[in-house]
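Visitor: Just passing along the structure, written as structure tokens.
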Amino acid sequence: MTDAATVRDVAALARLVISDQDIENATAEFNQILALFDALSTADTTNVAPMINPLDSAQRLRGDGIETLVDRAGLMQNAPASEKDYFLVPRVLE
Amino acid sequence: MTVPFETISSLAKQLDAGHVSSRELVEDAIARTERLNPELNAVIALDKPGALAAAEKADKARADGATSPLLGVPMLHKDIFCTRDVQTSCASKMLADFVPPYDATVVKNLDDAGMVSLGKCNMDEFAMGSSNETSFFGAVKNPWDFNRVPGGSSGGSAAAVAAGLAPLATGTDTGGSIRQPAALCGITGLKPTYGRVSRYGMIAFASSMDQAGPMARTAEDCALVLNAMAGHDPLDSTCADISVPDYSAGLEQSIEGLRVGIPKEFFSSHLNDGVAATVSAAIKELEADGAVIVDVSLPSTDLGVSTYYVIAPAEASANLSRYDGVRYGYRCDSPSDLQDLYLRSRTEGFGKEVKRRILIGTFTLSAASYDQYFMKAQQVRRLIAEEYQSVLKDVDVIAGPSAPNTAFILNDDSKSITDMYMEDVFTIGANLAGLPAISIPAGLVDGLPVGMQLIGSRFGEAQLLNIAHQFQRRTDWHSLSPNLEGLTR
């Protein structure tokens with residue numbers, strides 16, 4: 001079981017806001033899902049290695065060469081706010 | 001001209017014989033989509049100019065002597081695949097205005113094979129859901145009953161094929177998102193082996209399980225499309241560098257003597273009685289065709305749900321951290337500072353289910369919970385994968401239901417979050433273990449489709465397609481289509 005304060009802390013880590021009116025419900029849902037996870041404790045995983053990749057294989061890497069996959073202008077077209085080749089955000093330094 | 005429920009292979013023959021042109025097929029598909037989609041909501045972006053131009057290009061290529069079984073055949077993409085200059089929203093407010101400057105490899109491969117993309121299909125937001133109710137663009141309706149869900153997350157793709165808007169739609173499957181909607185809409189859907197199809201340009205949900213595949217009317221069509229979709233891609237480091245066989249070549253092989261394992265856990269209390277009887281009858285058809293039916297056990301089946309719902313949200317919380325309102329995607333109005341920009345852009349841009357999964361994933365990855373949940377789930381994942389591998393040493397394929405129920409009622413408040421997650425109980429195992437699996441129409445219960453699932457060994461897609469095709473030669477469940485004429489406007 002976890003409490004509302006923990007859920008708020010997790011939301012802050014995830015850069016999400018949970019309103020005061022939603023926190024009770026969000027906490028209840030959170031605990032409902034955590035209860036589903038309780039079943040994991042019944043599995044004996046002594047000396048079992050974690051499985052990160054279902055093929056258990058090393059990832060193949062490309063050669064370390066420079067290539068252009070997407071043009072810069074195409075990428076900048078989706079920027080919510082930009083100037084020249086820069087993304088604009090609120091002022092960080094005063 | 002009426003060709004809404006034709007298969008790809010049938011359309012290819014008609015195109016080759018000159019009985020129809022690609023332009024005519026595309027015009028017909030667009031007209032049908034415009035007529036049915038206002039009710040169905042399966043398609044969220046129709047690219048008429050692009051489709052007509054591609055159709056004319058295909059017709060010209062055919063006139064110039066080009067041949068390909070996919071040349072000029074119309075299709076739809078799940079809106080999770082990046083399509084150059086065409087909206088790619090992942091059914092989220094976060095990406096509602098996103099127009100990619102590049103194509104996903106799947107899109108490019110099917111373009112290169114001459115297929116004509118009509119546009120993009122609705123889906124659960126960021127592929128998180130089993131009902132297609134989490135889409136920012138509203139729920140998709142099941143063509144067999146407009147009061148019911150089509151399944152998810154590739155619900156728009158499944159509904160579009162079932163309604164005859166196109167003979168093919170692409171889908172993606174992280175925990176059953178191709179197979180469950182295929183089952184609920186009465187079509188054929190294949191989730192290939194993890195690494196068989198490139199994930200480049202496919203918007204990430206859970207990177208260690210996401211896999212793209214075809215959703216079509218028949219296994220024969222899925223084979224044709226997989227021939228073009230699959231293969232090594234240097235742009236995806238998890239894409240296997242293993243040669244692609246001709247998946248159509250072995251379809252006619254006899255299944256005499258093939259061993260089909262039936263896990264007793266797939267016929268548990270989770271399973272609807274009607275679905276159980278229908279799938280059991282389908283298994284008897286395989287037996288009648290010469291397959292040897294073997295009882296097997298996958299004791300960790302139920303644990304798969306807990307394992308999946310730890311791992312997938314954890315990977316999602318990391319993948320979706322890129323949506324910060326800075327480089328692309330939704331940005332809130334008038335942010336006071338950078339923190340406010342991040343917080344409000346993400347809170348306003350993501351829907352409820354996506355935020356729920358990000359929260360759970362962030363929690364299980366946090367230092368205090370990592371060992372108890374995330375590491376433990378990764379260990380149980382190995383146990384589950386080993387159970388499948390062990391069973392698949394004794395049998396050629398595993399068979400059972402694709403989903404525990406037929407299509408359920410839209411907006412059913414009586415279904416809890418975990419009830420919804422249990423809808424994936426029979427499909428999740430193949431994703432955790434990285435195995436290929438297919439859902440094929442197996443019958444109807446109360447007028448609603450039921451799917452039978454076949455799970456194979458790694459890179460064993462050809463065998464799955466062979467068995468599915470042989471089943472579809474003996475049965476005609478895949479030929480049934482919903483009666484939509486009373487619903488047309």
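Residues are referred to by chain and number: the chain letter is A, B, ... according to the order shown in the structure tokens, the number counts from 1 in that chain, and ligands are numbered separately from 1 in the order shown.
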Using only C-alpha atoms, which residues sit within 10 Å of Met94 (chain B) once same-chain residues fewer than 6 positions away are excluded, as a ChimeraX atom specification?

Guide: /B:125-126,136,323-325,328-331,345-351

Visitor: Suppose we keep C-alpha atoms; can you now write the selection as a PDB file, in the first residue's frame?

Guide:
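After the write, result-v5.pdb holds the following:
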ATOM      1  CA  GLU B 125      -3.344   6.436 -26.943  1.00  0.00           C
ATOM      2  CA  PHE B 126       0.343   5.491 -27.252  1.00  0.00           C
ATOM      3  CA  PHE B 136      -7.772  11.242 -27.829  1.00  0.00           C
ATOM      4  CA  TYR B 323       7.578  14.470 -24.531  1.00  0.00           C
ATOM      5  CA  ASP B 324       8.531  17.626 -22.706  1.00  0.00           C
ATOM      6  CA  GLY B 325       6.936  20.343 -24.831  1.00  0.00           C
ATOM      7  CA  TYR B 328       7.937  18.669 -30.754  1.00  0.00           C
ATOM      8  CA  GLY B 329       4.502  17.758 -29.493  1.00  0.00           C
ATOM      9  CA  TYR B 330       2.052  19.638 -27.319  1.00  0.00           C
ATOM     10  CA  ARG B 331       3.166  22.704 -25.366  1.00  0.00           C
ATOM     11  CA  SER B 345       2.615  20.260 -21.186  1.00  0.00           C
ATOM     12  CA  ARG B 346       2.786  16.649 -19.985  1.00  0.00           C
ATOM     13  CA  THR B 347      -0.227  16.857 -17.664  1.00  0.00           C
ATOM     14  CA  GLU B 348      -2.424  18.461 -20.354  1.00  0.00           C
ATOM     15  CA  GLY B 349      -0.985  16.503 -23.299  1.00  0.00           C
ATOM     16  CA  PHE B 350      -1.289  12.935 -21.989  1.00  0.00           C
ATOM     17  CA  GLY B 351      -4.565  11.116 -21.366  1.00  0.00           C
TER      18      GLY B 351
END

Visitor: Find the residues of chain A in contact range of chain B, meaning any atom within 9 Å when counting only C-alpha atoms, and list them as a PyMOL selection string.

Guide: chain A and resi 7+10-18+26+29-30+32-34+36-41+43-46+48-55+57-62+69-71+73-82+87-92

Visitor: Which of chain A end up as strand (DSSP E) when DSSP is run on this backbone - answer as JSON, numbers by chain?

Guide: {"A": [82, 83, 86, 87]}

Visitor: Residues near region 2-4 of chain A, anyone? I mean within 8 Å using only C-alpha atoms, not counting same-chain ones fewer than 3 positions away, as a list in words.

Guide: Val7, Arg8, Ile23, Glu24, Thr27, Phe30 and Asn31 of chain A

Visitor: With a distance cut-off of 9 Å and only C-alpha atoms, select the neighbouring residues of Asp295 (chain B), excluding the residue or stretch itself and same-chain residues fewer than 2 positions from it, and output the selection as a list of chain:residue names.

Guide: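 Here the qualifying residues turn out to be B:Val260, B:Gly261, B:Ile262, B:Pro263, B:Lys264, B:Ile293, B:Ser297.
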
Visitor: Please measure the separation of CA of Pro4 (chain B) and CA of Pro482 (chain B), giving the value in Å to one decimal.

Guide: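 These atoms are spaced 11.5 Å apart.
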
Visitor: Could you tell me how far CA of Gly201 (chain B) lies from CA of Thr105 (chain B), in Å and to one decimal?

Guide: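 Separation of CA of Gly201 (chain B) and CA of Thr105 (chain B): 6.4 Å.
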
Visitor: Calculated over only C-alpha atoms, which of the candidates B:Ala42, B:Ala212, B:Met422, B:Leu226 has the smallest distance to Glu133 (chain B)?

Guide: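 Closest candidate: B:Ala42.
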
Visitor: I'd like the contact shell of Met202 (chain B) - 9 Å cut-off, only C-alpha atoms, skipping same-chain residues fewer than 2 positions apart - returned as a list in words.

Guide: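 Non-adjacent residues within range: Ile80, Phe81, Cys82, Ala104, Thr105, Val106, Thr172, Ser198, Arg199, Tyr200, Ala204, Asp210, Gln211 and Ala212 of chain B.
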
Visitor: Env of region 247-255 of chain B: 12 Å cut, atoms = only C-alpha atoms, seq-sep filter 4 positions within chain, self excluded. Answer as a ChimeraX atom specification.

Guide: /B:9,69,192,218-230,243,259-260,285-293,396-397,459-473

Visitor: Might you pull out every residue within 12 Å of Ala45 (chain B), with only C-alpha atoms counted and same-chain residues fewer than 6 positions away left off, and present them as an MDAnalysis selection string?

Guide: chainID B and resid 30 33:34 37 51 76:79 83 85:91 96:97 99 117:123 137 156

Visitor: Keeping only N, CA and C atoms, write the selected residues to a file as a compact mmCIF listing (two decimals), in the first residue's frame.

Guide:
# COMPACT_ATOMS: atom_id res chain seq x y z
N ILE B 30 -11.77 5.01 -50.49
CA ILE B 30 -11.98 6.34 -49.90
C ILE B 30 -13.48 6.61 -49.74
N THR B 33 -14.82 4.58 -46.89
CA THR B 33 -14.36 5.13 -45.61
C THR B 33 -15.15 6.39 -45.26
N GLU B 34 -15.35 7.26 -46.24
CA GLU B 34 -16.09 8.49 -45.96
C GLU B 34 -17.54 8.20 -45.56
N ASN B 37 -16.96 5.72 -41.87
CA ASN B 37 -16.09 6.11 -40.76
C ASN B 37 -16.71 7.09 -39.75
N ALA B 51 -2.80 9.12 -51.57
CA ALA B 51 -3.24 7.78 -51.99
C ALA B 51 -3.52 7.75 -53.48
N LEU B 76 -3.98 0.61 -44.86
CA LEU B 76 -3.96 1.66 -43.84
C LEU B 76 -2.85 1.36 -42.83
N HIS B 77 -2.30 2.44 -42.24
CA HIS B 77 -1.30 2.26 -41.19
C HIS B 77 -1.87 2.65 -39.84
N LYS B 78 -1.55 1.86 -38.83
CA LYS B 78 -1.83 2.31 -37.46
C LYS B 78 -1.11 3.64 -37.24
N ASP B 79 -1.75 4.55 -36.52
CA ASP B 79 -1.16 5.90 -36.40
C ASP B 79 0.01 5.96 -35.43
N THR B 83 4.81 8.64 -40.73
CA THR B 83 4.58 8.73 -42.17
C THR B 83 4.96 10.13 -42.61
N ASP B 85 5.22 13.60 -43.88
CA ASP B 85 4.26 14.64 -44.28
C ASP B 85 2.80 14.27 -44.02
N VAL B 86 2.55 13.19 -43.28
CA VAL B 86 1.17 12.83 -42.92
C VAL B 86 1.09 12.72 -41.39
N GLN B 87 0.07 13.34 -40.81
CA GLN B 87 -0.13 13.33 -39.35
C GLN B 87 0.19 11.98 -38.72
N THR B 88 0.93 12.00 -37.62
CA THR B 88 1.22 10.79 -36.85
C THR B 88 1.03 11.14 -35.39
N SER B 89 -0.15 10.84 -34.86
CA SER B 89 -0.54 11.36 -33.55
C SER B 89 -0.41 10.34 -32.43
N CYS B 90 -0.31 9.05 -32.76
CA CYS B 90 -0.37 8.00 -31.74
C CYS B 90 -1.66 8.15 -30.93
N ALA B 91 -2.67 8.75 -31.55
CA ALA B 91 -3.98 8.98 -30.92
C ALA B 91 -3.87 9.74 -29.61
N ALA B 96 -0.97 15.48 -31.52
CA ALA B 96 -2.10 15.72 -32.45
C ALA B 96 -1.66 16.51 -33.69
N ASP B 97 -0.65 17.36 -33.55
CA ASP B 97 -0.21 18.17 -34.70
C ASP B 97 1.14 17.73 -35.25
N VAL B 99 3.79 16.10 -37.53
CA VAL B 99 3.91 15.65 -38.92
C VAL B 99 5.36 15.23 -39.13
N SER B 117 -0.89 3.62 -49.37
CA SER B 117 -1.41 3.99 -48.05
C SER B 117 -2.56 4.98 -48.19
N LEU B 118 -3.71 4.60 -47.60
CA LEU B 118 -4.88 5.48 -47.63
C LEU B 118 -4.85 6.49 -46.49
N GLY B 119 -4.16 6.16 -45.41
CA GLY B 119 -4.12 7.05 -44.25
C GLY B 119 -3.83 6.29 -42.99
N LYS B 120 -4.32 6.83 -41.87
CA LYS B 120 -3.91 6.34 -40.55
C LYS B 120 -5.10 5.89 -39.72
N CYS B 121 -4.88 4.83 -38.95
CA CYS B 121 -5.94 4.23 -38.14
C CYS B 121 -5.88 4.70 -36.69
N ASN B 122 -7.06 4.84 -36.12
CA ASN B 122 -7.21 5.15 -34.71
C ASN B 122 -6.62 4.01 -33.86
N MET B 123 -6.38 4.28 -32.60
CA MET B 123 -5.72 3.31 -31.72
C MET B 123 -5.88 3.79 -30.29
N PHE B 137 -8.94 10.78 -29.91
CA PHE B 137 -9.91 11.04 -30.98
C PHE B 137 -11.21 10.25 -30.80
N GLY B 156 -8.43 0.40 -34.28
CA GLY B 156 -8.82 1.05 -35.53
C GLY B 156 -8.42 0.21 -36.73

Visitor: Using CA of Pro214 (chain B) and CA of Pro143 (chain B) as the two end points, give the distance in Å to one decimal.

Guide: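 The value is 19.0 Å.
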